[in-house]
file coords28.cif (mmCIF, C-alpha atoms and all ligand atoms)
data_run
#
loop_
_atom_site.label_atom_id
_atom_site.label_comp_id
_atom_site.auth_asym_id
_atom_site.auth_seq_id
_atom_site.Cartn_x
_atom_site.Cartn_y
_atom_site.Cartn_z
CA MET A 1 -45.54 56.38 174.15
CA ILE A 2 -43.08 53.74 172.97
CA THR A 3 -41.33 51.53 175.52
CA LEU A 4 -37.88 50.31 174.56
CA TYR A 5 -36.81 47.15 176.37
CA GLY A 6 -33.07 46.78 176.91
CA PHE A 7 -30.61 45.59 179.53
CA GLY A 8 -29.88 48.98 181.15
CA PRO A 9 -26.47 50.65 181.49
CA ALA A 10 -23.56 48.23 181.95
CA PHE A 11 -19.93 47.69 180.93
CA GLY A 12 -19.29 51.44 180.69
CA LEU A 13 -22.01 51.75 178.05
CA PRO A 14 -25.59 53.10 178.00
CA ASP A 15 -26.51 49.52 177.18
CA PRO A 16 -24.28 46.46 176.76
CA SER A 17 -26.25 45.46 173.64
CA PRO A 18 -25.25 47.33 170.48
CA PHE A 19 -28.69 46.44 169.11
CA VAL A 20 -30.38 48.31 171.96
CA MET A 21 -28.14 51.35 171.45
CA LYS A 22 -28.84 51.25 167.71
CA THR A 23 -32.59 51.25 168.29
CA GLU A 24 -32.43 53.96 170.94
CA VAL A 25 -30.43 56.24 168.64
CA GLN A 26 -32.83 55.52 165.76
CA LEU A 27 -35.81 56.43 167.98
CA GLN A 28 -34.05 59.72 168.73
CA MET A 29 -33.22 60.29 165.06
CA ALA A 30 -36.92 59.77 164.29
CA GLY A 31 -37.81 62.40 166.92
CA LEU A 32 -40.00 59.96 168.85
CA SER A 33 -40.57 59.97 172.61
CA TYR A 34 -39.86 56.73 174.42
CA VAL A 35 -39.22 55.29 177.85
CA LYS A 36 -36.71 52.59 178.61
CA GLN A 37 -37.32 49.49 180.64
CA ARG A 38 -35.21 46.52 181.55
CA ALA A 39 -36.12 43.10 180.25
CA ALA A 40 -34.46 39.71 180.05
CA PRO A 41 -34.24 37.81 176.74
CA PRO A 42 -36.65 35.00 177.78
CA THR A 43 -39.43 37.59 178.13
CA ALA A 44 -38.84 38.99 174.61
CA PRO A 45 -41.14 37.96 171.72
CA LYS A 46 -38.23 36.37 169.86
CA GLY A 47 -36.04 35.64 172.88
CA LYS A 48 -33.68 38.49 172.06
CA ILE A 49 -33.31 42.09 173.17
CA PRO A 50 -34.25 44.74 172.06
CA PHE A 51 -37.97 44.81 171.53
CA ILE A 52 -40.41 47.68 171.78
CA GLU A 53 -44.01 48.03 172.82
CA ASP A 54 -46.01 50.62 170.92
CA LYS A 55 -49.62 51.06 172.01
CA GLY A 56 -49.99 47.43 172.99
CA VAL A 57 -48.10 46.06 169.98
CA ARG A 58 -44.75 44.38 170.63
CA ILE A 59 -42.12 44.44 167.90
CA ALA A 60 -38.91 42.44 168.16
CA ASP A 61 -35.58 42.86 166.36
CA SER A 62 -33.84 46.17 165.73
CA THR A 63 -34.36 46.00 161.95
CA PHE A 64 -38.10 45.36 162.27
CA ILE A 65 -38.36 48.06 164.93
CA ARG A 66 -36.85 50.54 162.49
CA ALA A 67 -39.26 49.41 159.75
CA HIS A 68 -42.17 49.83 162.20
CA ILE A 69 -41.28 53.35 163.28
CA GLU A 70 -40.59 54.49 159.74
CA ARG A 71 -43.90 53.08 158.49
CA LYS A 72 -46.07 54.09 161.43
CA TYR A 73 -44.67 57.57 162.01
CA GLY A 74 -43.89 58.46 158.38
CA VAL A 75 -40.18 58.99 158.84
CA ASP A 76 -37.31 57.96 156.61
CA LEU A 77 -34.07 57.61 158.51
CA ASP A 78 -32.20 57.47 155.19
CA ARG A 79 -33.86 60.53 153.73
CA GLY A 80 -31.79 62.22 151.06
CA LEU A 81 -29.80 59.08 150.29
CA THR A 82 -29.65 57.58 146.80
CA PRO A 83 -30.59 53.90 146.32
CA ASP A 84 -26.85 53.17 146.06
CA LEU A 85 -26.11 54.76 149.45
CA ARG A 86 -29.11 53.03 151.03
CA ALA A 87 -27.71 49.73 149.77
CA ARG A 88 -24.31 50.58 151.24
CA GLY A 89 -26.00 51.36 154.56
CA TRP A 90 -27.63 47.94 154.54
CA ALA A 91 -24.30 46.26 153.67
CA ILE A 92 -22.53 48.11 156.51
CA GLU A 93 -25.23 47.05 158.96
CA ARG A 94 -24.94 43.43 157.89
CA MET A 95 -21.15 43.51 158.31
CA LEU A 96 -21.51 44.89 161.82
CA GLU A 97 -24.55 42.95 163.04
CA ASP A 98 -23.79 39.60 161.44
CA HIS A 99 -20.00 39.60 161.61
CA LEU A 100 -18.44 42.10 164.01
CA TYR A 101 -21.08 41.32 166.65
CA PHE A 102 -19.77 37.76 166.98
CA ALA A 103 -16.19 38.97 167.44
CA LEU A 104 -17.51 41.30 170.16
CA LEU A 105 -19.43 38.45 171.77
CA HIS A 106 -16.32 36.29 171.69
CA ALA A 107 -14.16 38.97 173.35
CA ARG A 108 -16.70 39.47 176.14
CA TRP A 109 -17.82 35.92 176.83
CA MET A 110 -14.92 33.62 175.91
CA ASP A 111 -12.05 35.49 177.57
CA ASP A 112 -11.99 34.37 181.22
CA GLY A 113 -11.16 37.81 182.66
CA ASN A 114 -13.70 39.68 180.55
CA PHE A 115 -16.36 37.11 181.30
CA ALA A 116 -15.74 37.34 185.06
CA SER A 117 -15.89 41.14 185.14
CA GLY A 118 -18.74 41.43 182.61
CA PRO A 119 -21.33 38.89 181.45
CA ALA A 120 -20.93 36.71 184.58
CA HIS A 121 -22.83 39.47 186.41
CA PHE A 122 -25.93 38.95 184.27
CA PHE A 123 -26.62 36.02 186.58
CA ASP A 124 -26.02 37.79 189.91
CA ALA A 125 -29.70 38.05 190.81
CA LEU A 126 -30.25 34.28 190.70
CA PRO A 127 -30.43 32.27 193.94
CA ALA A 128 -26.96 31.32 195.19
CA GLU A 129 -27.62 27.57 194.75
CA THR A 130 -28.25 27.85 190.99
CA ARG A 131 -26.19 30.92 190.10
CA GLU A 132 -22.90 29.30 189.13
CA ALA A 133 -24.53 26.52 187.09
CA ALA A 134 -26.65 29.10 185.20
CA ARG A 135 -23.52 31.19 184.58
CA GLN A 136 -21.67 28.24 183.07
CA ALA A 137 -24.73 27.15 181.06
CA GLY A 138 -25.13 30.69 179.70
CA ARG A 139 -21.48 30.79 178.70
CA GLU A 140 -21.78 27.39 177.05
CA ARG A 141 -24.79 28.59 175.03
CA VAL A 142 -22.73 31.51 173.72
CA ARG A 143 -19.86 29.13 172.90
CA GLN A 144 -22.27 27.00 170.86
CA THR A 145 -23.72 30.07 169.14
CA LEU A 146 -20.21 31.16 168.12
CA HIS A 147 -19.42 27.66 166.89
CA GLY A 148 -22.64 27.48 164.87
CA GLN A 149 -22.09 30.92 163.37
CA GLY A 150 -18.59 29.81 162.46
CA LEU A 151 -16.36 32.51 163.93
CA GLY A 152 -15.98 30.46 167.11
CA ARG A 153 -14.06 27.81 165.20
CA HIS A 154 -11.07 30.16 164.81
CA SER A 155 -8.38 30.97 167.37
CA PRO A 156 -8.88 34.09 169.53
CA ASP A 157 -6.21 35.91 167.51
CA GLU A 158 -7.86 35.00 164.21
CA ILE A 159 -11.26 36.17 165.49
CA ALA A 160 -9.75 39.48 166.59
CA GLU A 161 -8.05 39.79 163.20
CA LEU A 162 -11.34 39.27 161.34
CA GLY A 163 -13.21 41.67 163.64
CA GLY A 164 -10.40 44.17 163.19
CA ARG A 165 -10.86 43.99 159.41
CA SER A 166 -14.52 44.98 159.78
CA LEU A 167 -13.52 47.92 161.96
CA ALA A 168 -10.84 48.94 159.45
CA ALA A 169 -13.40 48.71 156.63
CA LEU A 170 -15.80 50.89 158.62
CA SER A 171 -13.04 53.42 159.27
CA SER A 172 -12.20 53.59 155.55
CA LEU A 173 -15.86 53.99 154.62
CA LEU A 174 -16.28 56.81 157.14
CA GLY A 175 -13.11 58.59 156.02
CA ASN A 176 -13.03 62.19 157.16
CA LYS A 177 -16.79 62.76 156.93
CA PRO A 178 -18.75 63.48 160.11
CA TYR A 179 -21.17 60.64 159.32
CA LEU A 180 -21.04 57.62 157.01
CA PHE A 181 -22.54 59.37 154.00
CA GLY A 182 -21.75 63.01 154.62
CA PRO A 183 -22.85 65.83 156.89
CA ALA A 184 -26.12 64.24 158.07
CA PRO A 185 -26.54 60.98 159.98
CA CYS A 186 -28.57 58.10 158.55
CA ALA A 187 -29.91 54.85 160.00
CA ALA A 188 -26.62 52.97 159.54
CA ASP A 189 -24.85 55.62 161.64
CA ALA A 190 -26.89 54.49 164.63
CA THR A 191 -25.67 50.94 164.06
CA ALA A 192 -22.07 51.92 163.37
CA PHE A 193 -21.92 54.16 166.45
CA ALA A 194 -23.38 51.43 168.67
CA PHE A 195 -20.85 48.84 167.50
CA VAL A 196 -17.88 51.19 167.66
CA ALA A 197 -18.85 52.20 171.22
CA GLY A 198 -19.27 48.54 172.14
CA ALA A 199 -15.86 47.64 170.74
CA MET A 200 -14.12 50.61 172.38
CA THR A 201 -15.48 50.39 175.90
CA PRO A 202 -12.55 50.43 178.34
CA PHE A 203 -14.46 47.99 180.52
CA PHE A 204 -13.07 45.06 178.50
CA ASP A 205 -9.48 44.42 177.57
CA SER A 206 -9.32 42.83 174.14
CA LYS A 207 -7.41 42.81 170.87
CA LEU A 208 -10.63 43.96 169.23
CA ARG A 209 -10.62 47.08 171.42
CA THR A 210 -6.96 47.73 170.60
CA ALA A 211 -7.80 47.37 166.90
CA ALA A 212 -10.75 49.78 167.22
CA LEU A 213 -8.61 52.39 168.96
CA THR A 214 -6.13 52.51 166.07
CA HIS A 215 -8.78 54.39 164.04
CA LYS A 216 -8.75 58.03 165.05
CA ASN A 217 -11.79 58.83 162.94
CA LEU A 218 -13.81 56.13 164.72
CA ILE A 219 -12.78 57.54 168.12
CA ALA A 220 -13.99 61.02 167.10
CA TYR A 221 -17.17 59.55 165.59
CA ARG A 222 -17.94 57.66 168.81
CA GLU A 223 -17.36 60.79 170.92
CA ARG A 224 -19.47 62.98 168.67
CA MET A 225 -22.42 60.62 168.63
CA MET A 226 -22.14 59.83 172.35
CA GLU A 227 -22.39 63.57 173.12
CA GLU A 228 -25.32 63.92 170.76
CA HIS A 229 -27.35 60.94 171.95
CA TYR A 230 -26.21 60.20 175.49
CA PRO A 231 -25.34 63.53 177.18
CA LYS A 232 -26.86 62.43 180.50
CA PHE A 233 -24.92 59.17 180.47
CA ILE A 234 -21.66 61.06 179.91
CA ALA A 235 -22.49 63.54 182.69
CA ARG A 236 -23.31 60.72 185.13
CA LYS A 237 -20.04 58.96 184.34
CA ALA A 238 -18.07 62.19 184.85
CA ALA A 239 -19.73 62.94 188.22
N1 LIG A 301 -31.15 40.56 165.18
C1 LIG A 301 -31.39 41.04 166.52
C2 LIG A 301 -30.19 40.69 167.40
C3 LIG A 301 -30.43 41.00 168.88
C4 LIG A 301 -29.46 40.25 169.79
O1 LIG A 301 -28.61 39.46 169.33
N2 LIG A 301 -29.62 40.50 171.09
C5 LIG A 301 -28.80 39.82 172.07
C6 LIG A 301 -28.17 40.83 173.03
S1 LIG A 301 -26.95 41.80 172.21
C7 LIG A 301 -29.69 38.93 172.92
O2 LIG A 301 -30.76 39.32 173.33
N3 LIG A 301 -29.22 37.72 173.19
C8 LIG A 301 -29.88 36.82 174.09
C9 LIG A 301 -29.91 35.42 173.61
O3 LIG A 301 -29.51 35.16 172.47
O4 LIG A 301 -30.35 34.57 174.39
C10 LIG A 301 -31.66 42.55 166.48
O5 LIG A 301 -31.26 43.20 165.50
O6 LIG A 301 -32.34 43.05 167.38
#

call {"tool": "encode", "arguments": {"input": "coords28.cif", "output": "structure tokens"}}
result
Amino acid sequence: MITLYGFGPAFGLPDPSPFVMKTEVQLQMAGLSYVKQRAAPPTAPKGKIPFIEDKGVRIADSTFIRAHIERKYGVDLDRGLTPDLRARGWAIERMLEDHLYFALLHARWMDDGNFASGPAHFFDALPAETREAARQAGRERVRQTLHGQGLGRHSPDEIAELGGRSLAALSSLLGNKPYLFGPAPCAADATAFAFVAGAMTPFFDSKLRTAALTHKNLIAYRERMMEEHYPKFIARKAA
């Protein structure tokens, strides 16, 4: 049995990390059984979540996890796709994981209100004497990450504008198809769904969310995939 390590439900999402949601959906697409457990980044092999444990072997990073499950279990999450469409899937994933992600991170961590209602709670379990300092240090680390990546050097409006362009590009690529490349989902759909859900969560108020919600096809896509992959999460929220 595979164990998927994530953060656990938060921020109105099955997991606050789009990378965890991507991997969970890909495990489901591969038809594999798994259990979920919570873990903190410092315990992960590469200091980032998600990672999986599969019969004593730990694999970190959502892209390497996908490669592992495809290789070990003989599945192809892009089956039926031409080399051209596979390349497009990779390009879409890179746009979302290496560009949109940082706009998402900025909206959650750098906006005072969003930080207070969201990521600040990651530190709640720490002893009272160190909690606030750890919170501020964690926020500072994210600020430095955003600066190093480059997006953090722009104004909040410019960051939202750039993130919005990635969402608009995704919406155009999806068009009126049920999934990115037609009637059947592929690996990049797991990624796209996870990022669209992360951008649309009503838990955070942001220009990025407003931009995401202007795309009716992305709203329908998110709903369709949420029903398909997280029916229990939806039912729990409705109860
Ligand atoms: N390339 C990684 C990215 C994973 C990632 O950025 N995870 C974030 C949460 S969304 C994390 O664990 N951050 C903790 C840290 O950087 O300290 C993947 O595809 O799995």

call {"tool": "closest_atom_pairs", "arguments": {"input": "coords28.cif", "of": "chain A", "to": "ligand LIG 301 (chain A)", "cutoff": "10 Å", "atoms": "all atoms listed in the file", "output": "JSON lines"}}
result
{"residue": "A:Gly6", "atom": "CA", "partner": "A:LIG301", "partner_atom": "O2", "distance": 8.6}
{"residue": "A:Phe7", "atom": "CA", "partner": "A:LIG301", "partner_atom": "C6", "distance": 8.4}
{"residue": "A:Asp15", "atom": "CA", "partner": "A:LIG301", "partner_atom": "S1", "distance": 9.2}
{"residue": "A:Pro16", "atom": "CA", "partner": "A:LIG301", "partner_atom": "S1", "distance": 7.0}
{"residue": "A:Ser17", "atom": "CA", "partner": "A:LIG301", "partner_atom": "S1", "distance": 4.0}
{"residue": "A:Pro18", "atom": "CA", "partner": "A:LIG301", "partner_atom": "S1", "distance": 6.0}
{"residue": "A:Phe19", "atom": "CA", "partner": "A:LIG301", "partner_atom": "O6", "distance": 5.3}
{"residue": "A:Val20", "atom": "CA", "partner": "A:LIG301", "partner_atom": "O6", "distance": 7.2}
{"residue": "A:Met21", "atom": "CA", "partner": "A:LIG301", "partner_atom": "S1", "distance": 9.7}
{"residue": "A:Lys22", "atom": "CA", "partner": "A:LIG301", "partner_atom": "O5", "distance": 8.7}
{"residue": "A:Thr23", "atom": "CA", "partner": "A:LIG301", "partner_atom": "O6", "distance": 8.3}
{"residue": "A:Ala39", "atom": "CA", "partner": "A:LIG301", "partner_atom": "O2", "distance": 9.5}
{"residue": "A:Ala40", "atom": "CA", "partner": "A:LIG301", "partner_atom": "O2", "distance": 7.7}
{"residue": "A:Pro41", "atom": "CA", "partner": "A:LIG301", "partner_atom": "O2", "distance": 5.1}
{"residue": "A:Pro42", "atom": "CA", "partner": "A:LIG301", "partner_atom": "O4", "distance": 7.2}
{"residue": "A:Ala44", "atom": "CA", "partner": "A:LIG301", "partner_atom": "O2", "distance": 8.2}
{"residue": "A:Lys46", "atom": "CA", "partner": "A:LIG301", "partner_atom": "O2", "distance": 8.7}
{"residue": "A:Gly47", "atom": "CA", "partner": "A:LIG301", "partner_atom": "O4", "distance": 6.0}
{"residue": "A:Lys48", "atom": "CA", "partner": "A:LIG301", "partner_atom": "O2", "distance": 3.3}
{"residue": "A:Ile49", "atom": "CA", "partner": "A:LIG301", "partner_atom": "O2", "distance": 3.8}
{"residue": "A:Pro50", "atom": "CA", "partner": "A:LIG301", "partner_atom": "O6", "distance": 5.3}
{"residue": "A:Phe51", "atom": "CA", "partner": "A:LIG301", "partner_atom": "O6", "distance": 7.2}
{"residue": "A:Ile59", "atom": "CA", "partner": "A:LIG301", "partner_atom": "O6", "distance": 9.9}
{"residue": "A:Ala60", "atom": "CA", "partner": "A:LIG301", "partner_atom": "O6", "distance": 6.6}
{"residue": "A:Asp61", "atom": "CA", "partner": "A:LIG301", "partner_atom": "O6", "distance": 3.4}
{"residue": "A:Ser62", "atom": "CA", "partner": "A:LIG301", "partner_atom": "O6", "distance": 3.8}
{"residue": "A:Thr63", "atom": "CA", "partner": "A:LIG301", "partner_atom": "O5", "distance": 5.5}
{"residue": "A:Phe64", "atom": "CA", "partner": "A:LIG301", "partner_atom": "O5", "distance": 7.9}
{"residue": "A:Ile65", "atom": "CA", "partner": "A:LIG301", "partner_atom": "O6", "distance": 8.2}
{"residue": "A:Arg66", "atom": "CA", "partner": "A:LIG301", "partner_atom": "O5", "distance": 9.7}
{"residue": "A:Glu93", "atom": "CA", "partner": "A:LIG301", "partner_atom": "O5", "distance": 9.7}
{"residue": "A:Arg94", "atom": "CA", "partner": "A:LIG301", "partner_atom": "O5", "distance": 9.9}
{"residue": "A:Glu97", "atom": "CA", "partner": "A:LIG301", "partner_atom": "O5", "distance": 7.2}
{"residue": "A:Asp98", "atom": "CA", "partner": "A:LIG301", "partner_atom": "N1", "distance": 8.3}
{"residue": "A:Tyr101", "atom": "CA", "partner": "A:LIG301", "partner_atom": "S1", "distance": 8.1}
{"residue": "A:Phe102", "atom": "CA", "partner": "A:LIG301", "partner_atom": "O1", "distance": 9.3}
{"residue": "A:Leu104", "atom": "CA", "partner": "A:LIG301", "partner_atom": "S1", "distance": 9.7}
{"residue": "A:Leu105", "atom": "CA", "partner": "A:LIG301", "partner_atom": "S1", "distance": 8.2}
{"residue": "A:Gly138", "atom": "CA", "partner": "A:LIG301", "partner_atom": "O4", "distance": 8.4}
{"residue": "A:Arg141", "atom": "CA", "partner": "A:LIG301", "partner_atom": "O4", "distance": 8.2}
{"residue": "A:Val142", "atom": "CA", "partner": "A:LIG301", "partner_atom": "O3", "distance": 7.8}
{"residue": "A:Thr145", "atom": "CA", "partner": "A:LIG301", "partner_atom": "O3", "distance": 8.4}
{"residue": "A:Thr191", "atom": "CA", "partner": "A:LIG301", "partner_atom": "O5", "distance": 9.7}

call {"tool": "residues_around", "arguments": {"input": "coords28.cif", "residues": "A:Ala107", "least_positions_apart": "2", "cutoff": "9 Å", "atoms": "only C-alpha atoms", "output": "list in words"}}
result
Phe102, Ala103, Leu104, Leu105, Trp109, Met110, Asp111, Asn114, Phe115, Pro156, Ile159, Ala160, Phe204, Asp205, Ser206, Lys207 and Leu208 of chain A

call {"tool": "atom_distance", "arguments": {"input": "coords28.cif", "atom1": "atom CA of A:Gln144", "atom2": "atom CA of A:Leu4"}}
result
28.3 Å

call {"tool": "atom_distance", "arguments": {"input": "coords28.cif", "atom1": "atom CA of A:Asn176", "atom2": "atom CA of A:Gly198"}}
result
21.2 Å

call {"tool": "atom_distance", "arguments": {"input": "coords28.cif", "atom1": "atom CA of A:Phe203", "atom2": "atom CA of A:Gly163"}}
result
18.1 Å

call {"tool": "axis_aligned_box", "arguments": {"input": "coords28.cif", "around": "stretch 180-187 of chain A", "padding_each_side": "6 Å", "output": "AutoDock Vina command-line options"}}
result
--center_x -25.5 --center_y 60.3 --center_z 157.0 --size_x 20.9 --size_y 23.0 --size_z 18.0

call {"tool": "closest_atom_pairs", "arguments": {"input": "coords28.cif", "of": "stretch 23-66 of chain A", "to": "stretch 70-84 of chain A", "cutoff": "8 Å", "atoms": "all atoms listed in the file", "output": "JSON lines"}}
result
{"residue": "A:Gln26", "atom": "CA", "partner": "A:Leu77", "partner_atom": "CA", "distance": 7.6}
{"residue": "A:Met29", "atom": "CA", "partner": "A:Leu77", "partner_atom": "CA", "distance": 7.1}
{"residue": "A:Ala30", "atom": "CA", "partner": "A:Val75", "partner_atom": "CA", "distance": 6.4}
{"residue": "A:Arg66", "atom": "CA", "partner": "A:Glu70", "partner_atom": "CA", "distance": 6.1}

call {"tool": "write_last_selection", "arguments": {"input": "coords28.cif", "atoms": "C-alpha atoms", "output": "PDB file, in the frame of the given file"}}
result
ATOM      1  CA  GLN A  26     -32.830  55.520 165.760  1.00  0.00           C
ATOM      2  CA  MET A  29     -33.220  60.290 165.060  1.00  0.00           C
ATOM      3  CA  ALA A  30     -36.920  59.770 164.290  1.00  0.00           C
ATOM      4  CA  ARG A  66     -36.850  50.540 162.490  1.00  0.00           C
TER       5      ARG A  66
END

call {"tool": "decode", "arguments": {"input": "coords28.cif", "residues": "stretch 51-69 of chain A", "atoms": "N, CA and C atoms", "output": "PDB file, in the first residue's frame"}}
result
ATOM      1  N   PHE A  51       5.460  13.703  -0.546  1.00  0.00           N
ATOM      2  CA  PHE A  51       6.295  12.563  -0.861  1.00  0.00           C
ATOM      3  C   PHE A  51       5.458  11.326  -0.602  1.00  0.00           C
ATOM      4  N   ILE A  52       5.888  10.211  -1.157  1.00  0.00           N
ATOM      5  CA  ILE A  52       5.157   8.963  -0.907  1.00  0.00           C
ATOM      6  C   ILE A  52       6.122   7.935  -0.332  1.00  0.00           C
ATOM      7  N   GLU A  53       5.543   6.944   0.310  1.00  0.00           N
ATOM      8  CA  GLU A  53       6.320   5.784   0.727  1.00  0.00           C
ATOM      9  C   GLU A  53       5.648   4.576   0.095  1.00  0.00           C
ATOM     10  N   ASP A  54       6.444   3.806  -0.634  1.00  0.00           N
ATOM     11  CA  ASP A  54       5.919   2.644  -1.348  1.00  0.00           C
ATOM     12  C   ASP A  54       6.800   1.445  -1.006  1.00  0.00           C
ATOM     13  N   LYS A  55       6.266   0.598  -0.159  1.00  0.00           N
ATOM     14  CA  LYS A  55       7.010  -0.595   0.309  1.00  0.00           C
ATOM     15  C   LYS A  55       8.420  -0.224   0.777  1.00  0.00           C
ATOM     16  N   GLY A  56       8.468   0.721   1.682  1.00  0.00           N
ATOM     17  CA  GLY A  56       9.740   1.086   2.301  1.00  0.00           C
ATOM     18  C   GLY A  56      10.582   2.075   1.498  1.00  0.00           C
ATOM     19  N   VAL A  57      10.156   2.374   0.276  1.00  0.00           N
ATOM     20  CA  VAL A  57      10.921   3.334  -0.537  1.00  0.00           C
ATOM     21  C   VAL A  57      10.200   4.682  -0.499  1.00  0.00           C
ATOM     22  N   ARG A  58      10.961   5.742  -0.212  1.00  0.00           N
ATOM     23  CA  ARG A  58      10.352   7.075  -0.169  1.00  0.00           C
ATOM     24  C   ARG A  58      10.707   7.844  -1.432  1.00  0.00           C
ATOM     25  N   ILE A  59       9.692   8.413  -2.066  1.00  0.00           N
ATOM     26  CA  ILE A  59       9.922   9.172  -3.299  1.00  0.00           C
ATOM     27  C   ILE A  59       9.361  10.572  -3.102  1.00  0.00           C
ATOM     28  N   ALA A  60      10.210  11.570  -3.358  1.00  0.00           N
ATOM     29  CA  ALA A  60       9.804  12.965  -3.171  1.00  0.00           C
ATOM     30  C   ALA A  60       9.614  13.647  -4.517  1.00  0.00           C
ATOM     31  N   ASP A  61       8.701  14.608  -4.523  1.00  0.00           N
ATOM     32  CA  ASP A  61       8.427  15.476  -5.671  1.00  0.00           C
ATOM     33  C   ASP A  61       7.345  14.848  -6.559  1.00  0.00           C
ATOM     34  N   SER A  62       6.308  15.649  -6.821  1.00  0.00           N
ATOM     35  CA  SER A  62       5.146  15.127  -7.540  1.00  0.00           C
ATOM     36  C   SER A  62       5.505  14.570  -8.925  1.00  0.00           C
ATOM     37  N   THR A  63       6.489  15.167  -9.588  1.00  0.00           N
ATOM     38  CA  THR A  63       6.840  14.679 -10.930  1.00  0.00           C
ATOM     39  C   THR A  63       7.543  13.322 -10.842  1.00  0.00           C
ATOM     40  N   PHE A  64       8.430  13.184  -9.837  1.00  0.00           N
ATOM     41  CA  PHE A  64       9.115  11.895  -9.676  1.00  0.00           C
ATOM     42  C   PHE A  64       8.172  10.828  -9.125  1.00  0.00           C
ATOM     43  N   ILE A  65       7.174  11.256  -8.360  1.00  0.00           N
ATOM     44  CA  ILE A  65       6.183  10.289  -7.865  1.00  0.00           C
ATOM     45  C   ILE A  65       5.404   9.720  -9.057  1.00  0.00           C
ATOM     46  N   ARG A  66       5.010  10.611  -9.948  1.00  0.00           N
ATOM     47  CA  ARG A  66       4.298  10.142 -11.155  1.00  0.00           C
ATOM     48  C   ARG A  66       5.175   9.164 -11.937  1.00  0.00           C
ATOM     49  N   ALA A  67       6.436   9.529 -12.142  1.00  0.00           N
ATOM     50  CA  ALA A  67       7.350   8.647 -12.905  1.00  0.00           C
ATOM     51  C   ALA A  67       7.460   7.284 -12.213  1.00  0.00           C
ATOM     52  N   HIS A  68       7.520   7.309 -10.880  1.00  0.00           N
ATOM     53  CA  HIS A  68       7.638   6.050 -10.116  1.00  0.00           C
ATOM     54  C   HIS A  68       6.408   5.177 -10.323  1.00  0.00           C
ATOM     55  N   ILE A  69       5.225   5.775 -10.167  1.00  0.00           N
ATOM     56  CA  ILE A  69       4.023   4.919 -10.254  1.00  0.00           C
ATOM     57  C   ILE A  69       3.806   4.420 -11.688  1.00  0.00           C
TER      58      ILE A  69
END
